[in-house]
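J.: My structure is below; once you've seen it, I'll send some questions.
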Amino acid sequence: MQFNFGGFGQDPNSGEYSYTPKREQKPRKPRKVLSRGKSLLIALVVTAVFGFLYFYFQLPAINIHSGDFYVFIILLCAVFGACTLLLSGAQASSAREWVTTARKRAAVPFYIVCLCLAVAIVGTVIGWKIFRARDYAGLLPIEDGDFASEVAEISFDQIPMLDSDSANVLATRRLGELADLVSQFEVNPESYQINYHDRPVRVTYLNYGDVFKWWNNQRNGIPAYLVIDMVTQEVSVERLDEGIRYSPSEYFFRDIDRYLRFKYPTKMFSDVNFEVNEEGEPYWVATVVTKRVGLFGGEDAIGAVLVNAVTGESEYLDIEEVPMWVDRVFTAELILEQYNYYGLYHGGFWNSLFGQSGCTESTDYYNYIAQDDDVWLYTGITSVTGDRGNIGFILVNQRTKEARYYPCAGADEASAMSSAQGAVQQYSYIATAPLLLNTGGQPTYFMALKDNSQLVKMYAMVNVQQYDAVATGSTVEECVDNYIELLAERGITTTTPGVDGEVTEASGTVADVRSAVSDGNTVIYIRFEGGEQYYTISAAEAPEAVILNPGDEVTVHFSASSAEDTLVPLTGIEITSRAPLDADEPAPPEPSAEPGTEAGEEPAQAA
């Protein structure tokens with residue numbers, strides 16, 4: 001066995017030791033040193049590439065009120081600093097020189113990171129609620145209102161009956177009937193309630209089925225959108241001459257979020273809604289927000305960007321300039337957050353923790369009311385102590401943020417939903433979130449009752465102040481009739497439901513009087529001479545109607561909205577003149593025409 005150690009070795013045959021010198025190693029080539037300018041250029045290029053990719057995918061707003069902006073700046077400094085440290089090693093001949101060079105090169109990004117952190121911390125502290133509680137409470141100015149006079153009564157053909165889930169089921173079924181669309185597109189799961197041609201509808205758009213279907217159809221765009229009538233539950237497919245080219249299901253720079261960010265890099269967007277104008281043109285309405293308390297607190301909408309979904313033309317408008325056809329600028333989440341700030345902090349920060357005098361909050365349910373060509377958000381108001389009753393409710397205009405508070409003690413939405421479901425418990429129907437209606441001057445919860453397949457089967461109305469007063473019906477008309485009759489039985493004063501609550505009157509001579517008993521109540525039917533309509537009123541509401549006879553002169557009061565109906569419910573009746581009695585009936589004593597006699601006395605005989 002041959003041994004070799006340190007150049008010394010032993011011959012295995014002779015046993016003699018010998019020394020063999022090691023081969024001389026070739027000298028290493030000197031390391032190539034990058035110049036300072038070249039290393040700086042490489043670091044900047046790498047940082048720029050990273051910044052573009054991050055901005056492209058994460059879409060941060062370049063705005064001092066956005067927390068994402070500070071994260072973006074810190075990440076850019078971190079990437080630049082890391083590149084500098086790595087490239088500094090290529091210039092240094094020793095570890096000490098590398099540390100010295102890296103410290104100098106990384107100083108600027110380090111100071112920028114420290115500055116960003118300092119600004120973010122100070123901006124957060126000056127926006128703390130403990131210091132700025134009153135400012136948070138003032139984000140949503142609220143005025144007291146009168147419900148009966150300010151909230152218009154809705155006629156039967158204007159009551160919305162669908163929620164978002166039911167609308168999505170109907171839209172999906174309608175799309176399934178269209179062979180040219182169903183194989184390539186899908187219905188977006190979220191729909192948006194708007195006023196369209198004075199009708200409450202939900203609109204939704206289509207998404208590409210997958211990336212391959214996008215590739216096949218992106219040249220022509222999405223060819224249609226869907227309109228779901230919330231009253232008739234009909235779904236119409238609105239086809240476009242030119243397809244929608246900007247949407248959330250697009251890729252690259254036609255993705256609506258990316259398109260908005262690159263066109264408006266400094267704007268902060270909270271939500272992007274799909275709406276159509278009165279001409280049927282599809283638009284994206286992007287809510288632009290800012291922070292009003294400190295740097296990061298008190299979010300509030302200041303305007304909107306309107307983007308034509310077909311052409312991509314866009315413009316930014318302040319709140320005062322947003323056109324009337326736009327129904328949703330202030331989102332429900334923003335409105336509810338601002339009200340909760342008001343309800344909790346209008347008495348001060350410490351009051352919100354100790355005592356909680358007058359502290360309120362919104363309930364868990366909200367819905368929308370169409371009124372004055374706008375969409376108003378409704379939600380109940382309850383105490384922060386978490387009881388099961390409402391002390392009132394608010395209506396907030398989603399376009400202008402006009403807010404009104406209506407005091408009305410009664411059941412909260414959850415209790416009303418449970419009460420409605422209990423009335424039809426044999427069917428196991430599920431109630432939708434209540435819609436607040438002015439029914440005969442009474443605040444009333446209206447709910448659709450759905451089966452497990454999200455289809456509307458019945459309707460329910462629950463009185464806000466007396467939530468055990470529940471009426472149901474298979475149609476809206478039947479439900480309203482049952483509700484009015486129920487309130488009459490309970491002795492709750494109402495006026496007839498109408499479109500705008502305006503009451504009118506008519507006078508005439510009674511030609512026909514009839515009566516019928518409905519659910520234990522006597523209803524009087526009156527027809528005027530020369531007319532075909534019958535005016536109806538309950539005997540419990542107007543006892544004088546029971547003694548009416550043909551020929552009597554009367555004045556009736558009713559809602560202007562029902563003036564053309566065959567049966568016109570009355571809100572009041574006045575008898576202005578009674579018809580003479582028939583000859584077969586005994587005539588009442590006539591007063592004497594001679595002087596000196598009293599009524600009822602026979603005149604004296606002549607001598």
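Quick note on naming: the chains in the structure tokens go A, B, ... in the order shown, residues restart at 1 in each chain, and ligands are numbered from 1 in order of appearance.
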Can you list, as a count of residues only, every protein, DNA or RNA residue that comes within 7 Å of Gly145 (chain A) when you count only C-alpha atoms, leaving out same-chain residues fewer than 3 positions away?

T.: 3

J.: If we count only C-alpha atoms, what is near Leu377 (chain A) at a cut-off of 9 Å, once residues fewer than 2 positions away on the same chain are taken out, given as a PyMOL selection string?

T.: chain A and resi 332+335+366-370+375+379+394-398

J.: Could you save the residues just selected, with all heavy atoms, as a tab-separated table (two decimals), in the first residue's frame?

T.:
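Below is the file result38.tsv, written as the result:
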```tsv
chain	number	residue	atom	x	y	z
A	332	ALA	N	-73.16	51.08	-0.16
A	332	ALA	CA	-73.85	50.76	1.09
A	332	ALA	C	-72.86	50.62	2.23
A	332	ALA	O	-73.12	51.07	3.36
A	332	ALA	CB	-74.66	49.48	0.90
A	335	ILE	N	-71.77	54.08	3.48
A	335	ILE	CA	-72.84	54.78	4.20
A	335	ILE	C	-73.02	54.19	5.59
A	335	ILE	O	-73.15	54.92	6.58
A	335	ILE	CB	-74.15	54.70	3.39
A	335	ILE	CG1	-74.03	55.55	2.11
A	335	ILE	CG2	-75.33	55.18	4.23
A	335	ILE	CD1	-75.20	55.40	1.17
A	366	TYR	N	-80.06	45.80	5.28
A	366	TYR	CA	-80.37	47.03	4.58
A	366	TYR	C	-80.97	46.67	3.23
A	366	TYR	O	-80.83	45.55	2.74
A	366	TYR	CB	-79.13	47.91	4.42
A	366	TYR	CG	-78.02	47.29	3.60
A	366	TYR	CD1	-77.99	47.41	2.20
A	366	TYR	CD2	-76.99	46.57	4.21
A	366	TYR	CE1	-76.97	46.84	1.45
A	366	TYR	CE2	-75.98	46.00	3.47
A	366	TYR	CZ	-75.97	46.14	2.09
A	366	TYR	OH	-74.97	45.57	1.35
A	367	ASN	N	-81.65	47.65	2.63
A	367	ASN	CA	-82.25	47.43	1.33
A	367	ASN	C	-82.31	48.78	0.63
A	367	ASN	O	-81.78	49.78	1.14
A	367	ASN	CB	-83.64	46.81	1.45
A	367	ASN	CG	-83.95	45.87	0.30
A	367	ASN	OD1	-83.65	46.17	-0.86
A	367	ASN	ND2	-84.56	44.73	0.61
A	368	TYR	N	-82.96	48.83	-0.52
A	368	TYR	CA	-82.97	50.04	-1.33
A	368	TYR	C	-84.40	50.43	-1.66
A	368	TYR	O	-85.27	49.59	-1.88
A	368	TYR	CB	-82.19	49.82	-2.63
A	368	TYR	CG	-80.78	49.34	-2.41
A	368	TYR	CD1	-80.46	47.99	-2.52
A	368	TYR	CD2	-79.76	50.23	-2.09
A	368	TYR	CE1	-79.17	47.54	-2.31
A	368	TYR	CE2	-78.46	49.79	-1.87
A	368	TYR	CZ	-78.18	48.43	-1.99
A	368	TYR	OH	-76.90	48.00	-1.78
A	369	ILE	N	-84.63	51.75	-1.73
A	369	ILE	CA	-85.92	52.31	-2.09
A	369	ILE	C	-85.73	53.23	-3.29
A	369	ILE	O	-84.83	54.08	-3.29
A	369	ILE	CB	-86.54	53.11	-0.92
A	369	ILE	CG1	-86.79	52.19	0.28
A	369	ILE	CG2	-87.83	53.79	-1.34
A	369	ILE	CD1	-87.28	52.93	1.50
A	370	ALA	N	-86.54	53.04	-4.32
A	370	ALA	CA	-86.48	53.90	-5.49
A	370	ALA	C	-87.43	55.08	-5.28
A	370	ALA	O	-88.63	54.89	-5.06
A	370	ALA	CB	-86.87	53.13	-6.75
A	375	VAL	N	-81.88	56.16	-6.03
A	375	VAL	CA	-81.95	54.98	-5.19
A	375	VAL	C	-81.48	55.38	-3.79
A	375	VAL	O	-80.39	55.91	-3.62
A	375	VAL	CB	-81.08	53.84	-5.74
A	375	VAL	CG1	-81.07	52.66	-4.78
A	375	VAL	CG2	-81.61	53.38	-7.10
A	379	THR	N	-81.87	51.47	6.18
A	379	THR	CA	-81.47	50.54	7.23
A	379	THR	C	-82.08	50.98	8.54
A	379	THR	O	-82.33	52.18	8.75
A	379	THR	CB	-79.94	50.44	7.37
A	379	THR	OG1	-79.61	49.41	8.30
A	379	THR	CG2	-79.34	51.75	7.85
A	394	ILE	N	-83.04	55.18	8.79
A	394	ILE	CA	-82.51	56.26	7.97
A	394	ILE	C	-82.69	55.90	6.50
A	394	ILE	O	-82.73	54.74	6.11
A	394	ILE	CB	-81.01	56.52	8.25
A	394	ILE	CG1	-80.17	55.27	7.98
A	394	ILE	CG2	-80.81	57.03	9.66
A	394	ILE	CD1	-78.67	55.53	8.03
A	395	LEU	N	-82.81	56.94	5.69
A	395	LEU	CA	-82.78	56.84	4.25
A	395	LEU	C	-81.64	57.73	3.76
A	395	LEU	O	-81.56	58.90	4.15
A	395	LEU	CB	-84.11	57.29	3.62
A	395	LEU	CG	-85.34	56.44	3.90
A	395	LEU	CD1	-86.56	57.05	3.23
A	395	LEU	CD2	-85.13	55.02	3.44
A	396	VAL	N	-80.78	57.18	2.92
A	396	VAL	CA	-79.62	57.93	2.42
A	396	VAL	C	-79.58	57.81	0.91
A	396	VAL	O	-79.61	56.70	0.36
A	396	VAL	CB	-78.31	57.40	3.03
A	396	VAL	CG1	-77.13	58.26	2.55
A	396	VAL	CG2	-78.37	57.39	4.54
A	397	ASN	N	-79.51	58.96	0.24
A	397	ASN	CA	-79.43	58.99	-1.21
A	397	ASN	C	-78.04	58.52	-1.64
A	397	ASN	O	-77.03	59.09	-1.23
A	397	ASN	CB	-79.69	60.42	-1.70
A	397	ASN	CG	-79.85	60.51	-3.21
A	397	ASN	OD1	-79.04	60.00	-3.96
A	397	ASN	ND2	-80.89	61.19	-3.64
A	398	GLN	N	-77.99	57.50	-2.49
A	398	GLN	CA	-76.69	56.93	-2.87
A	398	GLN	C	-75.97	57.76	-3.92
A	398	GLN	O	-74.81	57.46	-4.23
A	398	GLN	CB	-76.89	55.50	-3.37
A	398	GLN	CG	-77.23	54.53	-2.26
A	398	GLN	CD	-77.01	53.11	-2.70
A	398	GLN	OE1	-77.85	52.50	-3.35
A	398	GLN	NE2	-75.87	52.54	-2.33
```

J.: Just the helix (DSSP H, G or I) stuff from region 296-457 of chain A, please, per backbone DSSP, written as JSON, numbers by chain.

T.: {"A": [319, 320, 321, 332, 333, 334, 335, 336, 337, 338, 339, 340, 341, 342, 343, 344, 345, 349, 350, 351, 352, 353, 413, 414, 415, 416, 417, 418, 419, 420, 421, 422, 423, 425, 426, 427]}

J.: For region 106-111 of chain A, find every residue with an atom within 6 Å (counting only C-alpha atoms), except residues of its own chain fewer than 3 positions away, and show them as a list in words.

T.: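 Counting only the stated atoms, we get Cys77, Gly81, Ala102, Arg103 and Cys114 of chain A.
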
J.: Calculated over only C-alpha atoms, which of the candidates A:Thr124, A:Asn273, A:Thr571, A:Thr84 has the smallest distance to Val503 (chain A)?

T.: A:Thr571

J.: Which residues come within 10 Å of Leu162 (chain A), counting only C-alpha atoms, excluding same-chain residues fewer than 5 positions away, as a list in words?

T.: Ala167, Asn168, Leu170, Gln193, Pro200, Val201, Arg202, Ile228, Asp229, Met230, Val231, Thr232, Gln233, Thr432, Ala433, Met447, Ala448, Leu449, Lys450, Gln454, Leu455 and Val456 of chain A

J.: Using only C-alpha atoms, which of A:Asp300, A:Asp512, A:Glu320, A:Asp372 sits nearest His65 (chain A)?

T.: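 Checking each of A:Asp300, A:Asp512, A:Glu320, A:Asp372 against His65 (chain A), counting only C-alpha atoms, the winner is A:Asp300.
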
J.: Point out the residue among A:Leu344, A:Ile391, A:Val288, A:Leu336 with the least atom-to-atom distance to Asp135 (chain A), counting only C-alpha atoms.

T.: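 Looking at the shortest contact to Asp135 (chain A), the residue is A:Leu344.
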
J.: When you count only C-alpha atoms, which of these residues is closest to Gln465 (chain A): A:Ala431, A:Val211, A:Ala171, A:Ala416?

T.: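 Checking each candidate against Gln465 (chain A), we get A:Ala416 as the closest.
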
J.: So what do you get for CA of Tyr196 (chain A) versus CA of Glu333 (chain A), distance-wise?

T.: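 Computing it gives 23.1 Å between the two atoms.
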